[in-house]
file final_22.cif (mmCIF, C-alpha atoms)
data_entry
#
loop_
_atom_site.label_atom_id
_atom_site.label_comp_id
_atom_site.auth_asym_id
_atom_site.auth_seq_id
_atom_site.Cartn_x
_atom_site.Cartn_y
_atom_site.Cartn_z
CA MET A 1 3.40 2.93 26.30
CA VAL A 2 1.62 3.38 22.96
CA GLN A 3 3.84 3.76 19.91
CA GLU A 4 2.80 6.15 17.20
CA VAL A 5 2.38 4.58 13.76
CA ALA A 6 4.07 6.45 10.93
CA CYS A 7 2.47 6.64 7.50
CA ARG A 8 4.43 6.75 4.25
CA GLN A 9 2.64 7.89 1.12
CA VAL A 10 3.70 6.49 -2.25
CA ASP A 11 2.30 8.23 -5.33
CA LEU A 12 1.92 5.83 -8.27
CA ARG A 13 -0.62 7.90 -10.16
CA GLY A 14 -0.01 7.84 -13.90
CA ARG A 15 1.58 4.37 -13.78
CA ILE A 16 -0.01 1.12 -14.89
CA CYS A 17 0.78 -2.50 -14.10
CA PRO A 18 3.19 -4.14 -14.02
CA SER A 19 5.19 -0.98 -13.23
CA ALA A 20 2.80 0.11 -10.45
CA LEU A 21 2.75 -3.37 -8.92
CA LEU A 22 6.53 -3.71 -8.96
CA SER A 23 6.99 -0.28 -7.37
CA ALA A 24 4.43 -1.07 -4.67
CA LEU A 25 6.08 -4.40 -3.90
CA GLN A 26 9.48 -2.71 -3.70
CA GLU A 27 8.08 -0.24 -1.14
CA VAL A 28 6.49 -3.05 0.89
CA ASN A 29 9.72 -5.07 0.88
CA THR A 30 11.82 -2.02 1.83
CA ALA A 31 9.51 -1.27 4.78
CA ARG A 32 8.93 -4.94 5.69
CA ASP A 33 10.33 -4.82 9.23
CA ASP A 34 8.47 -1.65 10.23
CA LEU A 35 5.24 -2.88 8.61
CA LYS A 36 5.34 -6.22 10.41
CA ALA A 37 6.16 -4.51 13.72
CA GLY A 38 3.17 -2.18 13.28
CA LEU A 39 5.39 0.92 13.26
CA LEU A 40 4.50 1.96 9.72
CA ASN A 41 1.54 1.98 7.37
CA LEU A 42 1.86 2.54 3.63
CA LEU A 43 -0.63 4.61 1.67
CA ILE A 44 -0.33 4.01 -2.05
CA LEU A 45 -2.07 6.38 -4.45
CA SER A 46 -3.08 5.04 -7.86
CA ASP A 47 -5.37 6.24 -10.61
CA ASN A 48 -5.42 2.87 -12.36
CA ARG A 49 -8.26 0.63 -11.23
CA SER A 50 -6.60 -2.64 -12.29
CA SER A 51 -3.51 -1.72 -10.28
CA THR A 52 -5.61 -1.63 -7.13
CA THR A 53 -6.62 -5.25 -7.70
CA HIS A 54 -3.13 -6.47 -8.53
CA ILE A 55 -1.48 -4.62 -5.65
CA SER A 56 -4.07 -5.63 -3.04
CA GLU A 57 -3.96 -9.31 -4.06
CA ALA A 58 -0.14 -9.47 -4.04
CA VAL A 59 0.24 -7.63 -0.74
CA GLY A 60 -2.63 -9.57 0.84
CA THR A 61 -0.93 -12.89 0.06
CA MET A 62 2.16 -11.53 1.81
CA GLY A 63 0.13 -11.35 5.02
CA TYR A 64 -0.70 -7.65 5.20
CA GLN A 65 -4.07 -6.01 5.71
CA VAL A 66 -5.18 -4.00 2.66
CA ASN A 67 -7.97 -1.43 2.43
CA ILE A 68 -8.91 0.39 -0.76
CA LYS A 69 -10.84 3.65 -0.88
CA LYS A 70 -11.84 5.75 -3.89
CA ASP A 71 -10.87 9.38 -3.33
CA HIS A 72 -11.99 11.75 -6.10
CA GLU A 73 -9.76 11.03 -9.11
CA HIS A 74 -7.62 8.28 -7.57
CA TYR A 75 -7.61 5.26 -5.26
CA CYS A 76 -5.97 5.04 -1.84
CA ILE A 77 -4.53 1.63 -1.01
CA ALA A 78 -3.73 1.42 2.70
CA ILE A 79 -1.31 -1.34 3.69
CA SER A 80 -0.75 -2.25 7.32
CA ARG A 81 0.16 -5.09 9.64
CA ASN A 82 -2.40 -7.87 9.69
CA LEU A 83 -3.66 -8.12 13.25
CA PRO A 84 -4.27 -11.63 14.61
#
call {"tool": "encode", "arguments": {"input": "final_22.cif", "output": "structure tokens"}}
result
Amino acid sequence: MVQEVACRQVDLRGRICPSALLSALQEVNTARDDLKAGLLNLLILSDNRSSTTHISEAVGTMGYQVNIKKDHEHYCIAISRNLP
């Protein structure tokens, strides 16, 4: 049976680091069990380019897969379970 993966969107537009990074890490840590089980993906919205670098590096070192996409006026940072 295939489980559906939920997606939680976190809007950090208008915030800069370190505030954006700390908020993103708090969301990742809160959802840790569901992320690691592959039941949840996080989509973080940011309009600060340096935040995308800081967030992706921090979350990547925690073992998650991170994809960044530019979408009009902001960036979408997708965080999901890192598949083996």
call {"tool": "resolve_selection", "arguments": {"input": "final_22.cif", "expression": "the PyMOL selection byres ((chain A and resi 62) around 12)", "output": "ChimeraX atom specification"}}
result
/A:25,28-29,32,35-36,55-61,63-66,79-82
call {"tool": "atom_distance", "arguments": {"input": "final_22.cif", "atom1": "atom CA of A:Leu40", "atom2": "atom CA of A:Cys7"}}
result
5.6 Å
call {"tool": "atom_distance", "arguments": {"input": "final_22.cif", "atom1": "atom CA of A:Lys70", "atom2": "atom CA of A:Asp33"}}
result
27.8 Å
call {"tool": "residues_around", "arguments": {"input": "final_22.cif", "residues": "A:Ala6", "least_positions_apart": "3", "cutoff": "12 Å", "atoms": "all atoms listed in the file", "output": "number ranges by chain"}}
result
A: 3, 9, 31, 34-35, 37-43, 79-80
call {"tool": "atom_distance", "arguments": {"input": "final_22.cif", "atom1": "atom CA of A:Val5", "atom2": "atom CA of A:Ser51"}}
result
25.5 Å
call {"tool": "residues_near_point", "arguments": {"input": "final_22.cif", "point": "(3.7, 4.2, -4.1)", "cutoff": "10 Å", "atoms": "only C-alpha atoms", "output": "list in words"}}
result
Arg8, Gln9, Val10, Asp11, Leu12, Arg13, Arg15, Ala20, Leu21, Leu22, Ser23, Ala24, Leu25, Gln26, Glu27, Val28, Leu42, Leu43, Ile44, Leu45, Ser46, Cys76 and Ile77 of chain A
call {"tool": "residues_near_point", "arguments": {"input": "final_22.cif", "point": "(-3.6, 0.3, -16.1)", "cutoff": "8 Å", "atoms": "all atoms listed in the file", "output": "mmCIF file with C-alpha atoms, in the frame of the given file"}}
result
data_model
loop_
_atom_site.group_PDB
_atom_site.id
_atom_site.type_symbol
_atom_site.label_atom_id
_atom_site.label_comp_id
_atom_site.auth_asym_id
_atom_site.auth_seq_id
_atom_site.Cartn_x
_atom_site.Cartn_y
_atom_site.Cartn_z
ATOM 1 C CA ARG A 15 1.580 4.370 -13.780
ATOM 2 C CA ILE A 16 -0.010 1.120 -14.890
ATOM 3 C CA CYS A 17 0.780 -2.500 -14.100
ATOM 4 C CA ASN A 48 -5.420 2.870 -12.360
ATOM 5 C CA ARG A 49 -8.260 0.630 -11.230
ATOM 6 C CA SER A 50 -6.600 -2.640 -12.290
ATOM 7 C CA SER A 51 -3.510 -1.720 -10.280
#
call {"tool": "resolve_selection", "arguments": {"input": "final_22.cif", "expression": "the PyMOL selection byres ((chain A and resi 74) around 6)", "output": "PyMOL selection string"}}
result
chain A and resi 46-47+71-73+75
call {"tool": "build_atoms", "arguments": {"input": "final_22.cif", "residues": "stretch 26-37 of chain A", "atoms": "all heavy atoms", "output": "short mmCIF file (atom, residue, chain, number, x, y, z; two decimals), keeping the file's coordinate frame"}}
result
data_model
loop_
_atom_site.label_atom_id
_atom_site.label_comp_id
_atom_site.auth_asym_id
_atom_site.auth_seq_id
_atom_site.Cartn_x
_atom_site.Cartn_y
_atom_site.Cartn_z
N GLN A 26 8.16 -3.18 -4.14
CA GLN A 26 9.48 -2.71 -3.70
C GLN A 26 9.33 -1.89 -2.41
O GLN A 26 10.12 -2.05 -1.47
CB GLN A 26 10.14 -1.88 -4.78
CG GLN A 26 11.52 -1.38 -4.39
CD GLN A 26 12.19 -0.58 -5.50
OE1 GLN A 26 11.57 -0.25 -6.51
NE2 GLN A 26 13.44 -0.26 -5.30
N GLU A 27 8.32 -1.03 -2.35
CA GLU A 27 8.08 -0.24 -1.14
C GLU A 27 7.73 -1.13 0.05
O GLU A 27 8.22 -0.92 1.16
CB GLU A 27 6.95 0.77 -1.37
CG GLU A 27 7.31 1.89 -2.31
CD GLU A 27 8.32 2.87 -1.73
OE1 GLU A 27 8.40 3.00 -0.48
OE2 GLU A 27 9.03 3.50 -2.53
N VAL A 28 6.88 -2.13 -0.18
CA VAL A 28 6.49 -3.05 0.89
C VAL A 28 7.72 -3.82 1.39
O VAL A 28 7.92 -3.95 2.60
CB VAL A 28 5.39 -4.02 0.41
CG1 VAL A 28 5.17 -5.13 1.42
CG2 VAL A 28 4.08 -3.26 0.18
N ASN A 29 8.54 -4.31 0.48
CA ASN A 29 9.72 -5.07 0.88
C ASN A 29 10.74 -4.19 1.60
O ASN A 29 11.39 -4.63 2.55
CB ASN A 29 10.35 -5.75 -0.32
CG ASN A 29 9.55 -6.96 -0.76
OD1 ASN A 29 8.95 -7.65 0.05
ND2 ASN A 29 9.51 -7.20 -2.06
N THR A 30 10.89 -2.95 1.18
CA THR A 30 11.82 -2.02 1.83
C THR A 30 11.37 -1.73 3.26
O THR A 30 12.19 -1.63 4.17
CB THR A 30 11.91 -0.70 1.03
OG1 THR A 30 12.40 -1.00 -0.27
CG2 THR A 30 12.82 0.29 1.71
N ALA A 31 10.06 -1.62 3.46
CA ALA A 31 9.51 -1.27 4.78
C ALA A 31 9.06 -2.50 5.56
O ALA A 31 8.38 -2.36 6.58
CB ALA A 31 8.34 -0.31 4.58
N ARG A 32 9.42 -3.68 5.12
CA ARG A 32 8.93 -4.94 5.69
C ARG A 32 9.01 -5.00 7.21
O ARG A 32 8.03 -5.32 7.88
CB ARG A 32 9.69 -6.11 5.06
CG ARG A 32 9.40 -7.46 5.64
CD ARG A 32 10.26 -8.56 5.01
NE ARG A 32 11.67 -8.25 5.13
CZ ARG A 32 12.50 -8.20 4.08
NH1 ARG A 32 12.06 -8.42 2.88
NH2 ARG A 32 13.77 -7.91 4.27
N ASP A 33 10.16 -4.69 7.78
CA ASP A 33 10.33 -4.82 9.23
C ASP A 33 9.41 -3.88 10.00
O ASP A 33 8.77 -4.27 10.98
CB ASP A 33 11.79 -4.57 9.62
CG ASP A 33 12.73 -5.66 9.11
OD1 ASP A 33 12.25 -6.77 8.81
OD2 ASP A 33 13.94 -5.38 8.98
N ASP A 34 9.33 -2.62 9.55
CA ASP A 34 8.47 -1.65 10.23
C ASP A 34 6.99 -1.97 10.04
O ASP A 34 6.18 -1.77 10.94
CB ASP A 34 8.76 -0.23 9.74
CG ASP A 34 10.11 0.29 10.24
OD1 ASP A 34 10.63 -0.26 11.24
OD2 ASP A 34 10.64 1.23 9.63
N LEU A 35 6.63 -2.47 8.85
CA LEU A 35 5.24 -2.88 8.61
C LEU A 35 4.83 -4.02 9.54
O LEU A 35 3.79 -3.97 10.18
CB LEU A 35 5.04 -3.30 7.16
CG LEU A 35 4.83 -2.21 6.12
CD1 LEU A 35 4.94 -2.78 4.72
CD2 LEU A 35 3.48 -1.56 6.32
N LYS A 36 5.66 -5.05 9.60
CA LYS A 36 5.34 -6.22 10.41
C LYS A 36 5.32 -5.90 11.90
O LYS A 36 4.58 -6.51 12.66
CB LYS A 36 6.30 -7.36 10.11
CG LYS A 36 6.06 -7.95 8.73
CD LYS A 36 6.67 -9.32 8.60
CE LYS A 36 6.43 -9.88 7.22
NZ LYS A 36 5.17 -10.53 7.06
N ALA A 37 6.13 -4.91 12.32
CA ALA A 37 6.16 -4.51 13.72
C ALA A 37 5.01 -3.56 14.06
O ALA A 37 4.79 -3.24 15.23
CB ALA A 37 7.48 -3.83 14.04
#
